[in-house]
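Asks: My questions will all concern the structure given below.
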Amino acid sequence: MEQDKLATDELTNLPLDHNWYSKLANNFTIIQNALNEDDWETIKSQVNDLEKEVNQLIAQPEQLEAFKNELWGEIRAIVLPDLSPLQITQEVLTFRTDSQGQQQASMSDRLMAEINYLKGSTEIWQRPITVDDAGQISTDYLSLSTTVKNAKNIGIIGDSVAHGHLADVNFGDILVKASGAKINNVSSSGAHMMNNDDNSIYAQSKQIAGCDLVIIQGTDDDWLANSLVGTKSDDEKTSYIGAFYRVVDNIRSLNPQAKIIVMTATLQVPVDGTTIRRTDRTKNDLGKDLHDYMDAQKLACNDLGLPYADFMQPVLFQPMNPAFRKKMMPEGLHPNSVGHQLIVQELAKQLYYFYG
């Protein structure tokens with residue numbers, strides 16, 4: 001039931017007739033009802049309850065102070081909309097103080113200050129950075145390596161990968177651009193390590209002389225030809241490793257001042273369209289895969305005290321992945337120009353690590 005309301009302003013607009021007197025009389029009735037004993041007791045009870053709450057706050061000044069601060073914070077948030085409740089908390093004020101004890105004007109200033117502290121104290125920020133044509137970001141070891149920058153004559157021996165088959169620009173070309181050196185790249189497609197013909201890597205090792213940097217590339221052709229892996233006591237016509245030791249002997253003899261680095265063959269998955277012809281894990285007639293030959297070559301490098309760049313690791317080469325092949329190794333066997341950018345940075349990194 002709707003409660004009666006006092007007639008106020010409307011009385012001034014009514015004529016002094018019976019209706020006017022009725023409304024005035026009704027006002028007195030409403031007031032009387034509000035002042036009857038039951039309603040008055042209710043009002044008195046509510047006033048008493050409020051008085052008790054006020055007295056409790058007065059008796060507990062800490063609670064009263066907290067209530068005041070909370071109320072003040074709400075008022076500030078309403079009156080000062082440019083300051084959110086988060087911004088006026090102690091946590092934010094503490095966060096604005098950086099790791100060096102400096103109070104920053106804002107949270108973003110604090111973050112930028114920390115980044116600048118990091119840049120000033122971390123060596124990596126001082127190194128040159130490169131981004132290759134595949135979008136990979138890395139340290140630019142071509143710029144870091146004094147061996148590369150100071151090279152005057154570079155010699156390269158190996159097979160079709162070192163020769164740059166399917167690449168408009170191979171790793172040798174990139175080394176020349178980085179150093180300004182002259183280059184003698186006598187590598188040849190299909191070359192074996194063993195001395196089986198005039199194009200072999202053993203034969204190539206006799207054509208490199210007077211260089212201050214020589215790169216010897218390991219090959220997959222001896223594996224495919226079912227040559228023995230062998231040992232260092234073998235000669236250049238008996239086994240892969242026997243020939244490898246003789247190749248190093250020739251290079252050291254003809255290039256006594258040269259810094260030598262060895263590189264492995266790459267992981268490979270030659271394909272015809274979408275058909276895989278073989279992988280680096282395919283066994284030859286001797287029951288050996290490409291890894292057997294390259295592992296033996298890496299052990300020989302340790303015996304000879306020579307650094308090597310290992311391209312038999314998936315972190316560098318992923319020829320089983322069609323996406324990698326499309327970008328860096330179209331037929332799964334020979335790196336293109338983008339793949340050679342990856343090769344040259346790994347070569348430069350190992351040169352930097354070992355020679356500087």
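We name chains A, B, ... following the order of the structure tokens; residues begin at 1 in each chain, and ligands are numbered from 1 as shown.
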What's around range 203-210 of chain A at 8 Å? Count only C-alpha atoms, leave out sequence neighbours fewer than 5 positions away in its own chain, and write the answer as JSON, numbers by chain.
Replies: {"A": [153, 155, 156, 157, 158, 184, 186, 187, 195, 197, 198, 247, 248, 250, 251, 254, 255, 256, 257, 258]}
Asks: Filtering to N, CA, C and O atoms, could you give me those residues as an mmCIF file, in the first residue's frame?
Replies:
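New file selection-v5.cif:
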```cif
data_model
loop_
_atom_site.group_PDB
_atom_site.id
_atom_site.type_symbol
_atom_site.label_atom_id
_atom_site.label_comp_id
_atom_site.auth_asym_id
_atom_site.auth_seq_id
_atom_site.Cartn_x
_atom_site.Cartn_y
_atom_site.Cartn_z
ATOM 1 N N ASN A 153 94.736 -13.904 -46.920
ATOM 2 C CA ASN A 153 94.610 -14.954 -47.930
ATOM 3 C C ASN A 153 93.892 -16.154 -47.308
ATOM 4 O O ASN A 153 94.375 -16.740 -46.330
ATOM 5 N N GLY A 155 92.154 -19.920 -47.858
ATOM 6 C CA GLY A 155 92.082 -21.114 -48.689
ATOM 7 C C GLY A 155 90.927 -22.004 -48.240
ATOM 8 O O GLY A 155 90.699 -22.172 -47.045
ATOM 9 N N ILE A 156 90.186 -22.566 -49.205
ATOM 10 C CA ILE A 156 89.056 -23.441 -48.890
ATOM 11 C C ILE A 156 89.153 -24.705 -49.730
ATOM 12 O O ILE A 156 89.334 -24.646 -50.953
ATOM 13 N N ILE A 157 89.031 -25.867 -49.067
ATOM 14 C CA ILE A 157 88.975 -27.147 -49.763
ATOM 15 C C ILE A 157 87.755 -27.916 -49.261
ATOM 16 O O ILE A 157 87.342 -27.777 -48.115
ATOM 17 N N GLY A 158 87.146 -28.712 -50.165
ATOM 18 C CA GLY A 158 85.960 -29.462 -49.765
ATOM 19 C C GLY A 158 85.187 -29.949 -50.975
ATOM 20 O O GLY A 158 85.712 -30.048 -52.085
ATOM 21 N N ASN A 184 91.165 -18.463 -52.252
ATOM 22 C CA ASN A 184 91.490 -19.546 -53.176
ATOM 23 C C ASN A 184 90.619 -20.737 -52.787
ATOM 24 O O ASN A 184 90.963 -21.521 -51.908
ATOM 25 N N VAL A 186 89.290 -24.049 -53.925
ATOM 26 C CA VAL A 186 89.520 -25.097 -54.925
ATOM 27 C C VAL A 186 88.604 -26.296 -54.697
ATOM 28 O O VAL A 186 88.841 -27.384 -55.247
ATOM 29 N N SER A 187 87.578 -26.120 -53.864
ATOM 30 C CA SER A 187 86.653 -27.220 -53.585
ATOM 31 C C SER A 187 85.951 -27.649 -54.870
ATOM 32 O O SER A 187 85.833 -26.880 -55.832
ATOM 33 N N ASN A 195 92.324 -40.013 -51.634
ATOM 34 C CA ASN A 195 93.012 -39.642 -52.873
ATOM 35 C C ASN A 195 92.628 -40.609 -53.986
ATOM 36 O O ASN A 195 93.386 -41.478 -54.389
ATOM 37 N N ASP A 197 91.130 -39.334 -57.033
ATOM 38 C CA ASP A 197 91.283 -38.663 -58.329
ATOM 39 C C ASP A 197 91.829 -37.255 -58.101
ATOM 40 O O ASP A 197 92.085 -36.849 -56.967
ATOM 41 N N ASP A 198 91.975 -36.497 -59.181
ATOM 42 C CA ASP A 198 92.591 -35.163 -59.106
ATOM 43 C C ASP A 198 91.691 -34.131 -58.421
ATOM 44 O O ASP A 198 92.163 -33.031 -58.095
ATOM 45 N N VAL A 247 95.735 -34.821 -45.303
ATOM 46 C CA VAL A 247 95.306 -33.500 -45.768
ATOM 47 C C VAL A 247 95.811 -32.421 -44.819
ATOM 48 O O VAL A 247 96.355 -31.389 -45.247
ATOM 49 N N VAL A 248 95.650 -32.633 -43.513
ATOM 50 C CA VAL A 248 96.121 -31.660 -42.523
ATOM 51 C C VAL A 248 97.635 -31.513 -42.602
ATOM 52 O O VAL A 248 98.158 -30.384 -42.512
ATOM 53 N N ASN A 250 99.496 -31.809 -45.252
ATOM 54 C CA ASN A 250 99.799 -31.003 -46.437
ATOM 55 C C ASN A 250 99.519 -29.522 -46.192
ATOM 56 O O ASN A 250 100.332 -28.652 -46.574
ATOM 57 N N ILE A 251 98.384 -29.220 -45.584
ATOM 58 C CA ILE A 251 98.021 -27.823 -45.321
ATOM 59 C C ILE A 251 99.037 -27.177 -44.391
ATOM 60 O O ILE A 251 99.490 -26.031 -44.627
ATOM 61 N N LEU A 254 102.369 -26.494 -46.341
ATOM 62 C CA LEU A 254 102.343 -25.441 -47.357
ATOM 63 C C LEU A 254 101.874 -24.091 -46.813
ATOM 64 O O LEU A 254 102.031 -23.069 -47.483
ATOM 65 N N ASN A 255 101.288 -24.106 -45.603
ATOM 66 C CA ASN A 255 100.768 -22.868 -45.000
ATOM 67 C C ASN A 255 101.183 -22.817 -43.529
ATOM 68 O O ASN A 255 100.341 -22.912 -42.623
ATOM 69 N N PRO A 256 102.456 -22.662 -43.265
ATOM 70 C CA PRO A 256 102.970 -22.789 -41.892
ATOM 71 C C PRO A 256 102.414 -21.752 -40.915
ATOM 72 O O PRO A 256 102.389 -21.996 -39.712
ATOM 73 N N GLN A 257 101.957 -20.605 -41.407
ATOM 74 C CA GLN A 257 101.416 -19.550 -40.538
ATOM 75 C C GLN A 257 99.897 -19.557 -40.481
ATOM 76 O O GLN A 257 99.304 -18.694 -39.815
ATOM 77 N N ALA A 258 99.299 -20.529 -41.142
ATOM 78 C CA ALA A 258 97.842 -20.502 -41.278
ATOM 79 C C ALA A 258 97.131 -20.950 -40.011
ATOM 80 O O ALA A 258 97.594 -21.844 -39.293
#
```
Asks: Would you kindly return, as a list in words, each protein, DNA or RNA residue with an atom no farther than 10 Å from any atom of Ala296 in chain A, considering only C-alpha atoms and excluding same-chain residues fewer than 3 positions away?
Replies: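 After dropping sequence-adjacent residues, the list is Val229, Gly230, Thr231, Tyr240, Ile241, His291, Asp292, Tyr293, Leu299, Ala300 and Cys301 of chain A.
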Asks: Rank A:Gly305, A:Pro322, A:Gly101, A:Pro61 by their smallest atom-to-atom distance to Gly273 in chain A, using only C-alpha atoms, and report the top residue only.
Replies: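 Residue with the minimum atom-to-atom distance to Gly273 in chain A: A:Pro322.
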Asks: Would you compute the distance between CA of Asp235 in chain A and CA of Phe311 in chain A? Give it in Å to one decimal.
Replies: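 Computing the Euclidean distance for CA of Asp235 in chain A and CA of Phe311 in chain A yields 26.2 Å.
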Asks: Residues within 7 Å of Ser188 in chain A, please, as a list in words. Count only C-alpha atoms; anything in the same chain fewer than 3 positions from it doesn't count.
Replies: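 The residues satisfying every condition are Gly158, Asp159, Ser160, His163, Ala191 and Asn199 of chain A.
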Asks: Save the residues we just selected, all heavy atoms, as a PDB file, in the first residue's frame?
Replies:
```
ATOM      1  N   GLY A 158      87.146 -28.712 -50.165  1.00  0.00           N
ATOM      2  CA  GLY A 158      85.960 -29.462 -49.765  1.00  0.00           C
ATOM      3  C   GLY A 158      85.187 -29.949 -50.975  1.00  0.00           C
ATOM      4  O   GLY A 158      85.712 -30.048 -52.085  1.00  0.00           O
ATOM      5  N   ASP A 159      83.892 -30.233 -50.752  1.00  0.00           N
ATOM      6  CA  ASP A 159      83.051 -30.755 -51.833  1.00  0.00           C
ATOM      7  C   ASP A 159      82.082 -29.684 -52.328  1.00  0.00           C
ATOM      8  O   ASP A 159      82.352 -28.479 -52.218  1.00  0.00           O
ATOM      9  CB  ASP A 159      82.348 -32.038 -51.385  1.00  0.00           C
ATOM     10  CG  ASP A 159      81.358 -31.808 -50.246  1.00  0.00           C
ATOM     11  OD1 ASP A 159      81.031 -30.648 -49.935  1.00  0.00           O
ATOM     12  OD2 ASP A 159      80.882 -32.807 -49.663  1.00  0.00           O
ATOM     13  N   SER A 160      80.923 -30.097 -52.819  1.00  0.00           N
ATOM     14  CA  SER A 160      79.978 -29.169 -53.450  1.00  0.00           C
ATOM     15  C   SER A 160      79.421 -28.131 -52.485  1.00  0.00           C
ATOM     16  O   SER A 160      79.043 -27.031 -52.911  1.00  0.00           O
ATOM     17  CB  SER A 160      78.824 -29.952 -54.081  1.00  0.00           C
ATOM     18  OG  SER A 160      78.235 -30.821 -53.122  1.00  0.00           O
ATOM     19  N   HIS A 163      81.945 -25.518 -52.282  1.00  0.00           N
ATOM     20  CA  HIS A 163      81.995 -24.874 -53.598  1.00  0.00           C
ATOM     21  C   HIS A 163      80.819 -23.916 -53.793  1.00  0.00           C
ATOM     22  O   HIS A 163      80.890 -22.997 -54.613  1.00  0.00           O
ATOM     23  CB  HIS A 163      81.990 -25.946 -54.692  1.00  0.00           C
ATOM     24  CG  HIS A 163      82.260 -25.425 -56.060  1.00  0.00           C
ATOM     25  ND1 HIS A 163      83.486 -24.930 -56.447  1.00  0.00           N
ATOM     26  CD2 HIS A 163      81.446 -25.309 -57.148  1.00  0.00           C
ATOM     27  CE1 HIS A 163      83.440 -24.535 -57.700  1.00  0.00           C
ATOM     28  NE2 HIS A 163      82.210 -24.760 -58.159  1.00  0.00           N
ATOM     29  N   ALA A 191      83.770 -34.389 -54.469  1.00  0.00           N
ATOM     30  CA  ALA A 191      85.129 -34.687 -54.017  1.00  0.00           C
ATOM     31  C   ALA A 191      85.126 -35.631 -52.815  1.00  0.00           C
ATOM     32  O   ALA A 191      84.379 -35.429 -51.856  1.00  0.00           O
ATOM     33  CB  ALA A 191      85.851 -33.397 -53.657  1.00  0.00           C
ATOM     34  N   ASN A 199      90.398 -34.443 -58.244  1.00  0.00           N
ATOM     35  CA  ASN A 199      89.486 -33.519 -57.577  1.00  0.00           C
ATOM     36  C   ASN A 199      89.309 -33.820 -56.089  1.00  0.00           C
ATOM     37  O   ASN A 199      88.551 -33.130 -55.411  1.00  0.00           O
ATOM     38  CB  ASN A 199      88.102 -33.568 -58.248  1.00  0.00           C
ATOM     39  CG  ASN A 199      88.128 -32.968 -59.643  1.00  0.00           C
ATOM     40  OD1 ASN A 199      88.830 -31.995 -59.898  1.00  0.00           O
ATOM     41  ND2 ASN A 199      87.359 -33.568 -60.555  1.00  0.00           N
TER      42      ASN A 199
END
```
Asks: Write down as a PyMOL selection string the residues belonging to range 158-249 of chain A that are assigned strand (DSSP E or B) by DSSP computed on the backbone.
Replies: chain A and resi 182-185+213-217+228+239
Asks: With distances taken over only C-alpha atoms, which of A:Ser179, A:Ser337, A:Asn170, A:Thr238 is nearest to Ser145 in chain A?
Replies: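 The shortest atom-to-atom distance to Ser145 in chain A comes from A:Ser179.
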Asks: What's around Phe354 in chain A at 10 Å? Count only C-alpha atoms, leave out sequence neighbours fewer than 5 positions away in its own chain, and write the answer as a list in words.
Replies: Ser145, Thr147, Lys259, Ile261, Leu306, Pro307, Tyr308, Ala348 and Lys349 of chain A
Asks: Take the residues from that selection and put them in a file with C-alpha atoms, as an mmCIF file, in the first residue's frame.
Replies:
```
data_model
loop_
_atom_site.group_PDB
_atom_site.id
_atom_site.type_symbol
_atom_site.label_atom_id
_atom_site.label_comp_id
_atom_site.auth_asym_id
_atom_site.auth_seq_id
_atom_site.Cartn_x
_atom_site.Cartn_y
_atom_site.Cartn_z
ATOM 1 C CA SER A 145 86.704 -12.314 -34.890
ATOM 2 C CA THR A 147 91.101 -13.847 -37.302
ATOM 3 C CA LYS A 259 95.056 -20.773 -38.759
ATOM 4 C CA ILE A 261 89.531 -24.735 -39.031
ATOM 5 C CA LEU A 306 92.167 -28.164 -34.470
ATOM 6 C CA PRO A 307 88.839 -26.367 -33.928
ATOM 7 C CA TYR A 308 85.840 -27.445 -35.945
ATOM 8 C CA ALA A 348 83.381 -17.326 -37.470
ATOM 9 C CA LYS A 349 82.149 -18.205 -33.978
#
```
Asks: What residues in range 68-275 of chain A get the DSSP label helix (DSSP H, G or I)? Please answer as a ChimeraX atom specification.
Replies: /A:68-79,90-95,107-121,123-126,141-144,146-149,160-163,171-179,201-204,221-224,240-254
Asks: CA of His192 in chain A to CA of Asn226 in chain A: how many Å, to one decimal?
Replies: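 If I compute the distance from CA of His192 in chain A to CA of Asn226 in chain A, I get 11.1 Å.
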Asks: If we count only C-alpha atoms, what is near Leu175 in chain A at a cut-off of 10 Å, once residues fewer than 5 positions away on the same chain are taken out, given as JSON, numbers by chain?
Replies: {"A": [142, 148, 149, 151, 154, 170, 180, 181, 182, 183, 344, 345, 347, 348]}
Asks: Would you write out those residues with N, CA, C and O atoms, as a short mmCIF file (atom, residue, chain, number, x, y, z; two decimals), in the first residue's frame?
Replies:
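As a result, selection33.cif now contains:
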```cif
data_model
loop_
_atom_site.label_atom_id
_atom_site.label_comp_id
_atom_site.auth_asym_id
_atom_site.auth_seq_id
_atom_site.Cartn_x
_atom_site.Cartn_y
_atom_site.Cartn_z
N LEU A 142 81.42 -12.51 -37.33
CA LEU A 142 82.28 -11.99 -38.40
C LEU A 142 82.91 -10.66 -37.99
O LEU A 142 84.07 -10.38 -38.32
N VAL A 148 89.17 -13.37 -38.67
CA VAL A 148 88.47 -13.07 -39.93
C VAL A 148 88.86 -11.69 -40.44
O VAL A 148 89.22 -11.53 -41.61
N LYS A 149 88.80 -10.70 -39.56
CA LYS A 149 89.05 -9.31 -40.00
C LYS A 149 90.49 -9.11 -40.48
O LYS A 149 90.73 -8.27 -41.36
N ALA A 151 92.42 -11.50 -41.86
CA ALA A 151 92.81 -12.46 -42.89
C ALA A 151 93.17 -11.74 -44.19
O ALA A 151 92.49 -10.80 -44.61
N ILE A 154 92.75 -16.48 -47.87
CA ILE A 154 91.93 -17.57 -47.34
C ILE A 154 91.91 -18.71 -48.34
O ILE A 154 91.65 -18.51 -49.54
N ASN A 170 78.21 -17.97 -51.44
CA ASN A 170 78.57 -19.01 -50.48
C ASN A 170 79.35 -18.43 -49.31
O ASN A 170 79.65 -17.23 -49.27
N GLY A 180 87.98 -8.58 -46.69
CA GLY A 180 88.72 -7.97 -47.79
C GLY A 180 89.85 -8.85 -48.28
O GLY A 180 90.70 -8.41 -49.08
N ALA A 181 89.89 -10.10 -47.81
CA ALA A 181 90.99 -11.01 -48.16
C ALA A 181 90.84 -11.54 -49.59
O ALA A 181 89.76 -11.52 -50.17
N LYS A 182 91.95 -12.04 -50.11
CA LYS A 182 91.91 -12.83 -51.34
C LYS A 182 91.51 -14.25 -50.97
O LYS A 182 91.77 -14.71 -49.86
N ILE A 183 90.88 -14.94 -51.90
CA ILE A 183 90.41 -16.28 -51.58
C ILE A 183 90.82 -17.26 -52.67
O ILE A 183 90.85 -16.92 -53.86
N VAL A 344 78.53 -19.48 -42.26
CA VAL A 344 79.66 -18.58 -42.06
C VAL A 344 79.69 -18.03 -40.64
O VAL A 344 80.77 -17.82 -40.06
N GLN A 345 78.51 -17.80 -40.03
CA GLN A 345 78.49 -17.31 -38.65
C GLN A 345 79.01 -18.38 -37.69
O GLN A 345 79.71 -18.06 -36.72
N LEU A 347 81.16 -20.80 -38.47
CA LEU A 347 82.61 -20.85 -38.70
C LEU A 347 83.31 -19.71 -37.97
O LEU A 347 84.32 -19.91 -37.28
N ALA A 348 82.77 -18.50 -38.11
CA ALA A 348 83.38 -17.33 -37.47
C ALA A 348 83.33 -17.44 -35.95
O ALA A 348 84.26 -17.02 -35.26
#
```
Asks: Write out as a ChimeraX atom specification the residues lying within 12 Å of Ile343 in chain A, counting only C-alpha atoms and excluding same-chain residues fewer than 5 positions away.
Replies: /A:132,141-142,161-162,164,169-175,217,263-266,308-312,316-317,328-329,334-338,348-350
Asks: Would you kindly return, as a ChimeraX atom specification, each protein, DNA or RNA residue with an atom no farther than 7 Å from any atom of Asn284 in chain A, considering only C-alpha atoms and excluding same-chain residues fewer than 3 positions away?
Replies: /A:223-224,226,287-289
